[in-house]
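*Asks:* Okay, here's the structure, questions in a sec.
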Amino acid sequence: VGEVDVKAAWRVVTGKGLTTDAVLNSAENATSLTVSGSVADNIPGTSTNTAVGGTVSFTLNAITYTATVQANGTWSALVPAADVSALTVVGAPSIAATFTGVYGNTGTATHAVVLDLVAPTVAISAVAVNDIVNLAEKSAGVAVSGTTTAEDGQLVSVTWGTTTHSVAAASGAWTVSFAAGEVPADAATTSITANVADNHNNPATQATRTVAVATAAPVVTLGTVAGDDVLNLSEKL
């Protein structure tokens with residue numbers, strides 16, 4: 001829930017953005033949002049707030065909304081999901097709230113809200129060169145690397161089997177290491193997943209990579225020699 005605070009006493013006005021962090025991400029862009037705040041327009045020398053029962057109006061994306069000031073000086077109004085989703089231009093849509101008091105003084109608050117609807121990407125590079133982990137590679141521990149367009153410092157969470165490791169992205173890249181005991185048992189297909197979100201909490205589409213784990217040594221057998229494992233003179237000749 002975001003806030004816009006309007007304080008119209010003596011034309012002193014302050015404002016906050018539409019959302020708690022002044023950023024509207026892809027998830028918030030698909031839901032309704034409540035804009036709320038307060039108005040103080042006191043009779044000089046008293047604590048009587050003449051704004052109570054009055055109407056606050058605010059404009060977002062060329063649409064005007066209204067709210068009634070409650071007994072404690074607060075107000076709130078709902079911006080429907082359809083109106084929120086209409087904010088599709090990445091940038092800073094402006095929100096402006098106004099209140100005109102009984103003395104004819106008007107308080108106004110404006111604030112830009114950052115609109116970020118672009119999710120980052122994340123990818124997993126080939127594991128152990130050919131996506132097949134052999135005994136020597138598993139014994140040494142396996143590094144899993146990849147790329148992301150998320151900002152530096154954003155945590156990439158990588159899961160393989162029952163183990164998850166997280167690492168901060170740096171310069172568009174990331175690497176985690178799985179110890180031998182963390183690598184899954186032998187299987188033709190095991191799945192590695194990677195997840196990340198940008199600094200406005202837009203999640204990337206999960207990355208998945210299929211890797212085989214093959215650590216069993218080949219089985220070599222020898223057949224019976226000379227029919228009975230006994231080499232006689234004629235067989236030798």
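By convention here, the chains of the structure tokens are called A, B, ... in the order presented, each chain's residues are numbered starting at 1, and ligands are numbered starting at 1 in the order presented.
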Go through range 3-231 of chain A and collect every residue that DSSP, computed from the backbone, puts in helix (DSSP H, G or I); the answer should be as a PyMOL selection string.
*Replies:* chain A and resi 9-11+28-30+81-85+135-139+180-182
*Asks:* What's around Ala67 in chain A at 10 Å? Count only C-alpha atoms, leave out sequence neighbours fewer than 3 positions away in its own chain, and write the answer as number ranges by chain.
*Replies:* A: 35-37, 53-58, 70, 74-78
*Asks:* Restricting the calculation to only C-alpha atoms, which member of A:Asp41, A:Glu28, A:Glu137, A:Asp116 is positioned closest to Phe178 in chain A?
*Replies:*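 Going through A:Asp41, A:Glu28, A:Glu137, A:Asp116 one by one, the smallest distance to Phe178 in chain A is for A:Glu137.
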*Asks:* Could you tell me, as a list in words, which residues of range 178-233 of chain A DSSP assigns to strand (DSSP E) when given the backbone?
*Replies:*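 Put together, the selection reads Phe178, Ala187, Ala188, Thr189, Thr190, Ser191, Ile192, Thr193, Ala194, Asn195, Ala207, Thr208, Arg209, Thr210, Val211, Ala212 and Val213 of chain A.
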*Asks:* Keeping C-alpha atoms for every residue in the selection just given, could you write it to a file as an mmCIF file, in the first residue's frame?
*Replies:*
```cif
data_model
loop_
_atom_site.group_PDB
_atom_site.id
_atom_site.type_symbol
_atom_site.label_atom_id
_atom_site.label_comp_id
_atom_site.auth_asym_id
_atom_site.auth_seq_id
_atom_site.Cartn_x
_atom_site.Cartn_y
_atom_site.Cartn_z
ATOM 1 C CA PHE A 178 28.500 -27.891 -5.043
ATOM 2 C CA ALA A 187 21.180 -40.380 -13.041
ATOM 3 C CA ALA A 188 20.795 -39.780 -16.746
ATOM 4 C CA THR A 189 19.029 -36.498 -16.002
ATOM 5 C CA THR A 190 19.293 -34.225 -13.007
ATOM 6 C CA SER A 191 17.921 -30.674 -12.982
ATOM 7 C CA ILE A 192 19.665 -27.455 -11.960
ATOM 8 C CA THR A 193 17.552 -24.308 -11.557
ATOM 9 C CA ALA A 194 18.519 -20.669 -11.062
ATOM 10 C CA ASN A 195 16.354 -17.773 -9.881
ATOM 11 C CA ALA A 207 16.540 -20.970 -15.733
ATOM 12 C CA THR A 208 16.836 -24.754 -15.941
ATOM 13 C CA ARG A 209 19.649 -27.001 -17.129
ATOM 14 C CA THR A 210 19.668 -30.798 -17.381
ATOM 15 C CA VAL A 211 22.881 -32.503 -16.297
ATOM 16 C CA ALA A 212 23.810 -36.196 -16.210
ATOM 17 C CA VAL A 213 25.733 -37.628 -13.262
#
```
*Asks:* Skip Gly146 in chain A itself and residues of its chain fewer than 3 positions away, then list as a list in words all residues within 8 Å of it, counting only C-alpha atoms.
*Replies:*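 In the requested form, the answer reads Val122, Ala123, Ile124, Ser125, Ala173, Trp174 and Thr175 of chain A.
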*Asks:* Tell me which protein, DNA and RNA residues are within 10 Å of Asn201 in chain A, counting only C-alpha atoms, leaving out same-chain ones fewer than 4 positions away, and put them as a list in words.
*Replies:*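 Neighbouring residues, sequence-local ones excluded: Val23, Leu24, Asn25, Ser26, Ala27, Asp116, Leu117, Ala119, Pro120, Gln154, Val196 and Ala197 of chain A.
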*Asks:* In Å, with one decimal, what is the gap from CA of His200 in chain A to CA of Thr148 in chain A?
*Replies:*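 Between CA of His200 in chain A and CA of Thr148 in chain A the gap works out to 15.1 Å.
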*Asks:* Considering only C-alpha atoms, state which residue in the set A:Ile43, A:Ala128, A:Ala168, A:Leu33 is at the smallest distance from Val84 in chain A.
*Replies:*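 When distances to Val84 in chain A are compared using only C-alpha atoms, the smallest one comes from A:Leu33.
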*Asks:* As an exercise, work out the distance from CA of Gly153 in chain A to CA of Ala140 in chain A in Å and give it to one decimal place.
*Replies:*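 These two atoms are separated by 27.6 Å.
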*Asks:* Using Å and a single decimal, report how far CA of Leu135 in chain A sits from CA of Thr162 in chain A.
*Replies:* 19.6 Å
*Asks:* Nearest to Ser177 in chain A among A:Val79, A:Leu155, A:Ala143, A:Leu233, with distances taken over only C-alpha atoms: which residue is it?
*Replies:* A:Ala143
*Asks:* Using only C-alpha atoms, which of the listed residues (A:Ala86, A:Ile95, A:Ala71, A:Ala150) sits closest to Ala170 in chain A?
*Replies:*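 Of the candidates, the smallest distance to Ala170 in chain A is held by A:Ala150.
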